[in-house]
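**Student:** The following block contains the structure, expressed as structure tokens.
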Amino acid sequence: MNVFLGIDVGSVSTNLVVIDEDNRVCTDIYLRTRGQPIAVVQDGLKEVEKELKGKNIKVCGVGTTGSARYLTGIVVGADTVKNEITAHAVAASLIVPGVQTVLEIGGQDSKIILLRNGVVTDFAMNTVCAAGTGSFLDHQADRLGIPIEEFGEYALKSKNPVRIAGRCSVFAESDMVHKQQMGHSLPDIIAGLCDALVRNYLNNVGKGKEILPPIVFQGGVAANQGIKHAFKKALQQEIIVPPHYNVMGAIGAALLAKTAVRSKNTSFRGFEISSLNYETGSFECQGCSNRCEIINIFVEGKLLARWGGRCGKWDNLRETG
Amino acid sequence: MKATFAHMGTSPLIFKMLLEDLGYEVVFPPKPSQSTLSLGAQYAPEFACIPFKIVLGTYLEVIKDHPDITIISAGGFGPCRAGYYGELQLKILQDLGYNPDMIFFWPPLRKPWDFYQKVLRVKRSCPWWRFIQILRKVWKKAIYLDDLELLSFKVRAREIERGSTTRALQQGLSYLAEAKTMKEIDEAREAAFKELKNVPVDNRRSVLKVGIVGEIYVQLEPSANFHIEEVLGEMGVEPRRSIMLTNYARHDVFSKGDIKTAKLASPYLDQKIGGHGQNSIGDVIRYAQKGYDGVIQLAPFTCIPEIVAKSIMPALSRDYDIPVMTLFIDEQTGQAGVETRLEAFVDLMRQRYMRKVAGDEKSVIKSAIAL
């Protein structure tokens with residue numbers, strides 16, 4: 001069976017997805033990146049190999065996305081390296097044909113993508129502020145002493161959500177402390193936080209965007225029923241959370257890989273790479289005042305790739321730093 | 001007498017010539033780097049915008065070794081709070097125990113007498129006929145620097161070897177930097193153009209055109225805007241800034257603002273709101289009318305004029321059918337985040353282009369799913 005592998009290495013999670021020729025998801029793996037993109041991709045590949053063992057599969061294409069897409073692309077030998085916006089839009093369009101709005105909230109990024117007639121017409125991402133992303137929710141759940149997995153359930157129990165400032169996570173936190181000390185119930189505070197986060201999202205990344213149905217909500221935070229409910233309330237629309245909501249970027253990358261290998265053979269380096277020794281190193285080029293940070297990737301002690309230079313001086317792998 | 005100034009795009013090259021011709025010993029400031037910004041951020045008010053921090057950092061880097069320096073700067077009356085930045089920077093330097101001489105030039109039409117006085121101070125004993133000669137030379141060099149940059153935008157989007165245009169441009173700029181007389185400046189222009197024209201290009205490449213609007217400093221200074229022109233060029237996109245050295249001088253300093261741009265903007269924003277807020281609106285419309293594929297708005301984080309302009313962008317985008325993306329710039333070094341947004345924006349523009357120009361209805365998404 002011919003399959004296609006998609007890898008999404010983000011700030012918080014790393015996801016691997018294998019799809020078959022009919023775009024069905026064969027396996028999906030969700031791991032924490034923990035700041036070690038290469039090691040986690042190797043772990044992920046091991047798991048994929050284990051799960052697909054004996055199924056007589058052949059990986060015919062690999063695509064990478066996420067903030068570590070270039071690094072990962074080099075390590076695995078990707079056929080296509082694509083930004084998250086396009087990858088997420090592709091995946092959402094597969095699962096919900098005719099989708100017009102994609103709300104995506106991940107670990108450190110939140111974005112909105114508008115599609116019309118199957119083409120991305122507009123998008124926005126949060127810029128300098130991380131309020132309202134997964135990391136923020138994680139932190140607040142931790143502070144309130146409840147597991148993030150149960151966060152949404154608490155919110156749904158609320159009858160009277162309290163009002164919490166969602167503009168900045170620092171303000172939100174002090175607001176929450178205040179509400180706790182006043183004696184409000186935990187569900188009301190959590191529901192209030194969900195409302196605040198959605199308000200912030202719609203006012204920030206969603207500012208001035210025409211949000212039309214069908215609306216797909218994806219990314220790790222889509223697991224949170226409280227946020228989904230808050231979106232539904234704020235937008236007065238049905239919110240669709242797709243079955244593989246937390247690995248949509250990887251699904252998109254796999255679909256793009258399938259397109260990319262139409263006219264060429266895959267450059268996938270095989271599952272063996274999960275046991276190779278990868279090392280990275282960097283140095284600051286002193287050639288000019290740009291002071292580029294040059295990054296070297298070594299596999300088994302041999303220089304595999306290098307980037308980071310602005311002038312192309314280091315593009316030649318033979319020169320050493 | 002030693003003099004220095006801040007970096008802003010290619011402008012240091014002309015200030016260097018101007019001051020040297022007037023007999024100053026010019027301390028050429030180091031290019032803004034991460035340490036410049038860190039230094040500036042350490043002593044700047046936390047809420048100041050990134051241009052303030054980079055410029056302050058530059059002064060601090062220079063003044064450390066040259067405490068007796070004269071700093072030449074713009075200032076006065078806005079165009080936004082940046083108008084007061086010069087005075088504030090001077091106060092910060094004084095608090096740190098330095099006592100530089102700082103000359104702020106205010107817009108000539110707003111305070112002609114003050115402007116005249118300051119020209120006298122900078123000009124010193126240089127006779128007027130000679131001073132005017134020098135200014136003509138400076139103006140010519142500024143025009144050539146702009147011409148060279150504009151050509152590099154075209155070439156870079158079509159270059160075959162990544163980085164070759166940037167290298168040729170640097171070479172060309174160094175020729176112009178060296179040139180001192182009118183004749184040398186003309187020759188340097190020829191040589192610089194030749195460098196760029198010798199870059200191997202692929203003229204069949206379908207190149208997207210994107211306009212850049214927004215605040216002046218982050219438009220002009222590559223170290224503040226993640227070298228956006230290079231990044232776009234290497235993605236096969238030809239950028240065009242709304243502000244160049246010479247049109248800035250033509251429209252904003254020696255006259256009372258670009259009347260045509262204001263007129264274009266007026267249905268959406270009928271008054272000046274400080275900075276380049278109103279220009280950003282008018283410039284988007286101009287790019288749309290000229291058939292550009294998209295516009296990128298650059299703004300320093302907390303810049304009020306650009307925040308106001310940003311809130312009007314969705315209406316412009318809808319009415320003129322042109323995609324607009326805003327990038328707020330602050331101290332963060334997340335080049336990857338910026339590149340992701342730029343890549344996605346280029347994808348978006350390319351899709352639109354394919355549909356509109358080539359009549360190709362198949363999108364990346366459709367073809368990925370159809371397989």
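Order determines the names: the first chain of the structure tokens is A, the second B, and so forth; residues in each chain are numbered 1 upward, and ligands are numbered 1 upward as they are shown.
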Excluding same-chain residues fewer than 4 positions from Cys49 (chain B), what lies within 9 Å of it counting only C-alpha atoms, as a PDB file with all heavy atoms, in the first residue's frame?
**Tutor:**
ATOM      1  N   PRO B  45      12.506  53.992  27.375  1.00  0.00           N
ATOM      2  CA  PRO B  45      11.254  53.701  28.056  1.00  0.00           C
ATOM      3  C   PRO B  45      10.677  52.414  27.464  1.00  0.00           C
ATOM      4  O   PRO B  45      10.770  52.199  26.249  1.00  0.00           O
ATOM      5  CB  PRO B  45      10.357  54.890  27.700  1.00  0.00           C
ATOM      6  CG  PRO B  45      11.258  55.931  27.154  1.00  0.00           C
ATOM      7  CD  PRO B  45      12.456  55.237  26.618  1.00  0.00           C
ATOM      8  N   LYS B  53      14.431  52.585  20.022  1.00  0.00           N
ATOM      9  CA  LYS B  53      15.398  51.726  20.708  1.00  0.00           C
ATOM     10  C   LYS B  53      16.637  51.474  19.845  1.00  0.00           C
ATOM     11  O   LYS B  53      17.761  51.480  20.345  1.00  0.00           O
ATOM     12  CB  LYS B  53      14.732  50.406  21.105  1.00  0.00           C
ATOM     13  CG  LYS B  53      13.670  50.627  22.173  1.00  0.00           C
ATOM     14  CD  LYS B  53      12.881  49.386  22.531  1.00  0.00           C
ATOM     15  CE  LYS B  53      11.827  49.754  23.579  1.00  0.00           C
ATOM     16  NZ  LYS B  53      10.939  48.648  23.909  1.00  0.00           N
ATOM     17  N   ALA B  82       7.543  60.337  17.572  1.00  0.00           N
ATOM     18  CA  ALA B  82       8.942  60.306  17.156  1.00  0.00           C
ATOM     19  C   ALA B  82       9.527  61.699  17.115  1.00  0.00           C
ATOM     20  O   ALA B  82      10.733  61.882  17.228  1.00  0.00           O
ATOM     21  CB  ALA B  82       9.076  59.632  15.795  1.00  0.00           C
ATOM     22  N   PRO B 300       5.770  49.567  13.642  1.00  0.00           N
ATOM     23  CA  PRO B 300       6.378  49.260  14.934  1.00  0.00           C
ATOM     24  C   PRO B 300       5.259  48.951  15.932  1.00  0.00           C
ATOM     25  O   PRO B 300       4.201  49.590  15.880  1.00  0.00           O
ATOM     26  CB  PRO B 300       7.088  50.553  15.329  1.00  0.00           C
ATOM     27  CG  PRO B 300       7.075  51.425  14.114  1.00  0.00           C
ATOM     28  CD  PRO B 300       5.916  50.991  13.289  1.00  0.00           C
ATOM     29  N   PHE B 301       5.473  48.005  16.795  1.00  0.00           N
ATOM     30  CA  PHE B 301       4.498  47.668  17.827  1.00  0.00           C
ATOM     31  C   PHE B 301       4.213  48.923  18.658  1.00  0.00           C
ATOM     32  O   PHE B 301       5.143  49.665  18.974  1.00  0.00           O
ATOM     33  CB  PHE B 301       5.077  46.551  18.703  1.00  0.00           C
ATOM     34  CG  PHE B 301       4.117  46.000  19.713  1.00  0.00           C
ATOM     35  CD1 PHE B 301       2.836  45.647  19.352  1.00  0.00           C
ATOM     36  CD2 PHE B 301       4.514  45.813  21.033  1.00  0.00           C
ATOM     37  CE1 PHE B 301       1.947  45.126  20.281  1.00  0.00           C
ATOM     38  CE2 PHE B 301       3.640  45.287  21.972  1.00  0.00           C
ATOM     39  CZ  PHE B 301       2.351  44.947  21.598  1.00  0.00           C
ATOM     40  N   THR B 302       2.970  49.164  18.975  1.00  0.00           N
ATOM     41  CA  THR B 302       2.449  50.332  19.720  1.00  0.00           C
ATOM     42  C   THR B 302       2.410  51.615  18.903  1.00  0.00           C
ATOM     43  O   THR B 302       2.205  52.681  19.453  1.00  0.00           O
ATOM     44  CB  THR B 302       3.224  50.650  21.039  1.00  0.00           C
ATOM     45  OG1 THR B 302       4.522  51.166  20.706  1.00  0.00           O
ATOM     46  CG2 THR B 302       3.365  49.457  21.960  1.00  0.00           C
ATOM     47  N   CYS B 303       2.590  51.548  17.601  1.00  0.00           N
ATOM     48  CA  CYS B 303       2.539  52.741  16.748  1.00  0.00           C
ATOM     49  C   CYS B 303       1.077  53.095  16.474  1.00  0.00           C
ATOM     50  O   CYS B 303       0.402  52.403  15.718  1.00  0.00           O
ATOM     51  CB  CYS B 303       3.275  52.484  15.437  1.00  0.00           C
ATOM     52  SG  CYS B 303       3.097  53.796  14.229  1.00  0.00           S
ATOM     53  N   ILE B 329       6.219  45.064  14.332  1.00  0.00           N
ATOM     54  CA  ILE B 329       7.613  44.727  14.587  1.00  0.00           C
ATOM     55  C   ILE B 329       8.026  45.207  15.973  1.00  0.00           C
ATOM     56  O   ILE B 329       7.771  46.351  16.340  1.00  0.00           O
ATOM     57  CB  ILE B 329       8.507  45.358  13.503  1.00  0.00           C
ATOM     58  CG1 ILE B 329       8.117  44.761  12.156  1.00  0.00           C
ATOM     59  CG2 ILE B 329       9.979  45.123  13.814  1.00  0.00           C
ATOM     60  CD1 ILE B 329       8.821  45.361  10.987  1.00  0.00           C
ATOM     61  N   ASP B 330       8.620  44.317  16.734  1.00  0.00           N
ATOM     62  CA  ASP B 330       9.108  44.677  18.056  1.00  0.00           C
ATOM     63  C   ASP B 330      10.440  43.980  18.288  1.00  0.00           C
ATOM     64  O   ASP B 330      11.093  43.546  17.348  1.00  0.00           O
ATOM     65  CB  ASP B 330       8.062  44.325  19.116  1.00  0.00           C
ATOM     66  CG  ASP B 330       8.281  45.120  20.392  1.00  0.00           C
ATOM     67  OD1 ASP B 330       8.495  46.331  20.300  1.00  0.00           O
ATOM     68  OD2 ASP B 330       8.253  44.523  21.478  1.00  0.00           O
TER      69      ASP B 330
END
**Student:** Would you give me, as a PyMOL selection string, the residues of chain A that come within 9 Å of chain B, using only C-alpha atoms?
**Tutor:** chain A and resi 21-23+66-68+82-87+89-91+93-94+118-125+127-128+207-209+252+255-260+289-291+310-313
**Student:** Need to verify the contact set: Ile164 (chain A), 9 Å, only C-alpha atoms, exclusion of same-chain residues closer than 4 positions in sequence. Can you return it as number ranges by chain?
**Tutor:** A: 171-173, 175-176, 179, 189, 192-193, 195-197
**Student:** May I ask which of the residues A:Gly145, A:Gly63, A:Gly183, A:Gly152 is the closest one to Ala222 (chain A), counting only C-alpha atoms?
**Tutor:**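 Distance minimum relative to Ala222 (chain A) lands on A:Gly152.
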**Student:** Extract, using only C-alpha atoms, all DNA, RNA and protein residues at most 12 Å from Arg136 (chain B), discarding same-chain residues fewer than 5 positions from it, and format them as a PDB file with N, CA and C atoms, in the first residue's frame.
**Tutor:**
ATOM      1  N   ILE B  14      24.588  59.238   2.407  1.00  0.00           N
ATOM      2  CA  ILE B  14      24.545  60.645   1.991  1.00  0.00           C
ATOM      3  C   ILE B  14      24.894  61.576   3.149  1.00  0.00           C
ATOM      4  N   MET B  17      28.643  61.850   3.345  1.00  0.00           N
ATOM      5  CA  MET B  17      29.249  62.748   2.370  1.00  0.00           C
ATOM      6  C   MET B  17      28.996  64.201   2.751  1.00  0.00           C
ATOM      7  N   LEU B  18      27.750  64.501   3.138  1.00  0.00           N
ATOM      8  CA  LEU B  18      27.392  65.873   3.488  1.00  0.00           C
ATOM      9  C   LEU B  18      28.303  66.405   4.600  1.00  0.00           C
ATOM     10  N   TRP B 129      27.618  79.440  -1.384  1.00  0.00           N
ATOM     11  CA  TRP B 129      27.698  78.877  -2.749  1.00  0.00           C
ATOM     12  C   TRP B 129      28.220  77.443  -2.689  1.00  0.00           C
ATOM     13  N   ARG B 130      29.182  77.232  -1.800  1.00  0.00           N
ATOM     14  CA  ARG B 130      29.780  75.900  -1.662  1.00  0.00           C
ATOM     15  C   ARG B 130      28.759  74.948  -1.019  1.00  0.00           C
ATOM     16  N   PHE B 131      28.035  75.473  -0.022  1.00  0.00           N
ATOM     17  CA  PHE B 131      27.036  74.651   0.674  1.00  0.00           C
ATOM     18  C   PHE B 131      25.972  74.158  -0.304  1.00  0.00           C
ATOM     19  N   LYS B 141      23.208  62.017  -5.202  1.00  0.00           N
ATOM     20  CA  LYS B 141      23.586  60.699  -4.679  1.00  0.00           C
ATOM     21  C   LYS B 141      22.352  59.984  -4.121  1.00  0.00           C
ATOM     22  N   ALA B 142      21.510  60.737  -3.439  1.00  0.00           N
ATOM     23  CA  ALA B 142      20.296  60.140  -2.865  1.00  0.00           C
ATOM     24  C   ALA B 142      19.421  59.544  -3.965  1.00  0.00           C
ATOM     25  N   ILE B 143      19.284  60.283  -5.058  1.00  0.00           N
ATOM     26  CA  ILE B 143      18.471  59.793  -6.170  1.00  0.00           C
ATOM     27  C   ILE B 143      19.077  58.509  -6.739  1.00  0.00           C
ATOM     28  N   THR B 181      33.023  63.392  -5.914  1.00  0.00           N
ATOM     29  CA  THR B 181      32.684  64.525  -6.779  1.00  0.00           C
ATOM     30  C   THR B 181      31.501  64.157  -7.655  1.00  0.00           C
ATOM     31  N   MET B 182      30.900  65.173  -8.295  1.00  0.00           N
ATOM     32  CA  MET B 182      29.772  64.937  -9.203  1.00  0.00           C
ATOM     33  C   MET B 182      30.137  63.891 -10.253  1.00  0.00           C
ATOM     34  N   ILE B 185      30.385  60.485  -8.776  1.00  0.00           N
ATOM     35  CA  ILE B 185      29.064  59.948  -8.438  1.00  0.00           C
ATOM     36  C   ILE B 185      28.391  59.381  -9.690  1.00  0.00           C
TER      37      ILE B 185
END
**Student:** Could you find all residues in region 183-343 of chain B that DSSP calls strand (DSSP E) from the backbone, and write them as a list in words?
**Tutor:** Leu208, Lys209, Val210, Gly211, Ile212, Val213, Gly214, Val237, Glu238, Pro239, Arg240, Arg241, Gly294, Val295, Ile296, Gln297, Leu298, Ala299, Pro300, Val324, Met325, Thr326, Leu327, Phe328 and Ile329 of chain B
**Student:** Those residues with N, CA, C and O atoms, as an mmCIF file, in the first residue's frame please?
**Tutor:**
data_model
loop_
_atom_site.group_PDB
_atom_site.id
_atom_site.type_symbol
_atom_site.label_atom_id
_atom_site.label_comp_id
_atom_site.auth_asym_id
_atom_site.auth_seq_id
_atom_site.Cartn_x
_atom_site.Cartn_y
_atom_site.Cartn_z
ATOM 1 N N LEU B 208 5.576 38.120 -8.764
ATOM 2 C CA LEU B 208 4.490 38.850 -8.122
ATOM 3 C C LEU B 208 5.008 40.213 -7.692
ATOM 4 O O LEU B 208 6.177 40.363 -7.373
ATOM 5 N N LYS B 209 4.106 41.194 -7.654
ATOM 6 C CA LYS B 209 4.514 42.511 -7.195
ATOM 7 C C LYS B 209 3.774 42.847 -5.911
ATOM 8 O O LYS B 209 2.557 42.727 -5.841
ATOM 9 N N VAL B 210 4.539 43.215 -4.912
ATOM 10 C CA VAL B 210 3.906 43.535 -3.638
ATOM 11 C C VAL B 210 4.361 44.920 -3.176
ATOM 12 O O VAL B 210 5.533 45.273 -3.282
ATOM 13 N N GLY B 211 3.407 45.702 -2.735
ATOM 14 C CA GLY B 211 3.712 47.037 -2.227
ATOM 15 C C GLY B 211 3.983 46.988 -0.737
ATOM 16 O O GLY B 211 3.391 46.184 -0.031
ATOM 17 N N ILE B 212 4.896 47.834 -0.289
ATOM 18 C CA ILE B 212 5.173 47.902 1.145
ATOM 19 C C ILE B 212 4.798 49.300 1.628
ATOM 20 O O ILE B 212 5.241 50.298 1.058
ATOM 21 N N VAL B 213 3.941 49.342 2.642
ATOM 22 C CA VAL B 213 3.533 50.629 3.201
ATOM 23 C C VAL B 213 3.814 50.612 4.701
ATOM 24 O O VAL B 213 4.186 49.582 5.258
ATOM 25 N N GLY B 214 3.630 51.749 5.342
ATOM 26 C CA GLY B 214 3.770 51.782 6.794
ATOM 27 C C GLY B 214 4.732 52.835 7.281
ATOM 28 O O GLY B 214 5.070 53.771 6.552
ATOM 29 N N VAL B 237 9.401 37.528 -5.509
ATOM 30 C CA VAL B 237 8.443 38.621 -5.401
ATOM 31 C C VAL B 237 9.190 39.941 -5.528
ATOM 32 O O VAL B 237 10.258 40.114 -4.956
ATOM 33 N N GLU B 238 8.630 40.853 -6.299
ATOM 34 C CA GLU B 238 9.256 42.160 -6.463
ATOM 35 C C GLU B 238 8.566 43.162 -5.548
ATOM 36 O O GLU B 238 7.424 43.521 -5.757
ATOM 37 N N PRO B 239 9.275 43.611 -4.502
ATOM 38 C CA PRO B 239 8.652 44.568 -3.592
ATOM 39 C C PRO B 239 8.821 45.992 -4.089
ATOM 40 O O PRO B 239 9.702 46.280 -4.898
ATOM 41 N N ARG B 240 7.958 46.876 -3.618
ATOM 42 C CA ARG B 240 8.123 48.298 -3.908
ATOM 43 C C ARG B 240 7.715 49.050 -2.652
ATOM 44 O O ARG B 240 6.579 48.942 -2.216
ATOM 45 N N ARG B 241 8.689 49.771 -2.070
ATOM 46 C CA ARG B 241 8.377 50.532 -0.876
ATOM 47 C C ARG B 241 7.628 51.803 -1.239
ATOM 48 O O ARG B 241 7.911 52.409 -2.265
ATOM 49 N N GLY B 294 -0.507 42.478 -3.992
ATOM 50 C CA GLY B 294 -0.799 42.546 -2.564
ATOM 51 C C GLY B 294 0.003 43.653 -1.913
ATOM 52 O O GLY B 294 0.869 44.253 -2.546
ATOM 53 N N VAL B 295 -0.321 43.922 -0.660
ATOM 54 C CA VAL B 295 0.385 44.969 0.075
ATOM 55 C C VAL B 295 0.741 44.458 1.460
ATOM 56 O O VAL B 295 -0.053 43.759 2.100
ATOM 57 N N ILE B 296 1.942 44.803 1.915
ATOM 58 C CA ILE B 296 2.345 44.476 3.277
ATOM 59 C C ILE B 296 2.509 45.789 4.044
ATOM 60 O O ILE B 296 3.202 46.695 3.578
ATOM 61 N N GLN B 297 1.837 45.869 5.185
ATOM 62 C CA GLN B 297 1.959 47.055 6.034
ATOM 63 C C GLN B 297 2.943 46.748 7.155
ATOM 64 O O GLN B 297 2.768 45.772 7.879
ATOM 65 N N LEU B 298 3.964 47.578 7.269
ATOM 66 C CA LEU B 298 4.950 47.391 8.332
ATOM 67 C C LEU B 298 4.722 48.444 9.403
ATOM 68 O O LEU B 298 4.567 49.625 9.091
ATOM 69 N N ALA B 299 4.709 48.018 10.649
ATOM 70 C CA ALA B 299 4.429 48.968 11.712
ATOM 71 C C ALA B 299 5.195 48.590 12.963
ATOM 72 O O ALA B 299 5.262 47.418 13.323
ATOM 73 N N PRO B 300 5.770 49.567 13.642
ATOM 74 C CA PRO B 300 6.378 49.260 14.934
ATOM 75 C C PRO B 300 5.259 48.951 15.932
ATOM 76 O O PRO B 300 4.201 49.590 15.880
ATOM 77 N N VAL B 324 -4.068 42.418 1.946
ATOM 78 C CA VAL B 324 -3.189 43.261 2.762
ATOM 79 C C VAL B 324 -2.805 42.478 4.015
ATOM 80 O O VAL B 324 -3.665 41.866 4.638
ATOM 81 N N MET B 325 -1.531 42.474 4.326
ATOM 82 C CA MET B 325 -1.100 41.820 5.560
ATOM 83 C C MET B 325 -0.314 42.836 6.385
ATOM 84 O O MET B 325 0.503 43.574 5.859
ATOM 85 N N THR B 326 -0.567 42.839 7.684
ATOM 86 C CA THR B 326 0.144 43.762 8.577
ATOM 87 C C THR B 326 1.154 42.996 9.419
ATOM 88 O O THR B 326 0.837 41.939 9.955
ATOM 89 N N LEU B 327 2.358 43.520 9.496
ATOM 90 C CA LEU B 327 3.367 42.938 10.393
ATOM 91 C C LEU B 327 3.738 43.983 11.436
ATOM 92 O O LEU B 327 4.210 45.066 11.088
ATOM 93 N N PHE B 328 3.492 43.655 12.684
ATOM 94 C CA PHE B 328 3.946 44.539 13.760
ATOM 95 C C PHE B 328 5.338 44.101 14.175
ATOM 96 O O PHE B 328 5.590 42.907 14.361
ATOM 97 N N ILE B 329 6.219 45.064 14.332
ATOM 98 C CA ILE B 329 7.613 44.727 14.587
ATOM 99 C C ILE B 329 8.026 45.207 15.973
ATOM 100 O O ILE B 329 7.771 46.351 16.340
#
**Student:** Between B:Asp21, B:Glu195, B:Glu306, B:Asp202, single out the one closest to Cys80 (chain B), counting only C-alpha atoms.
**Tutor:**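 Under the stated criterion, the closest residue is B:Glu306.
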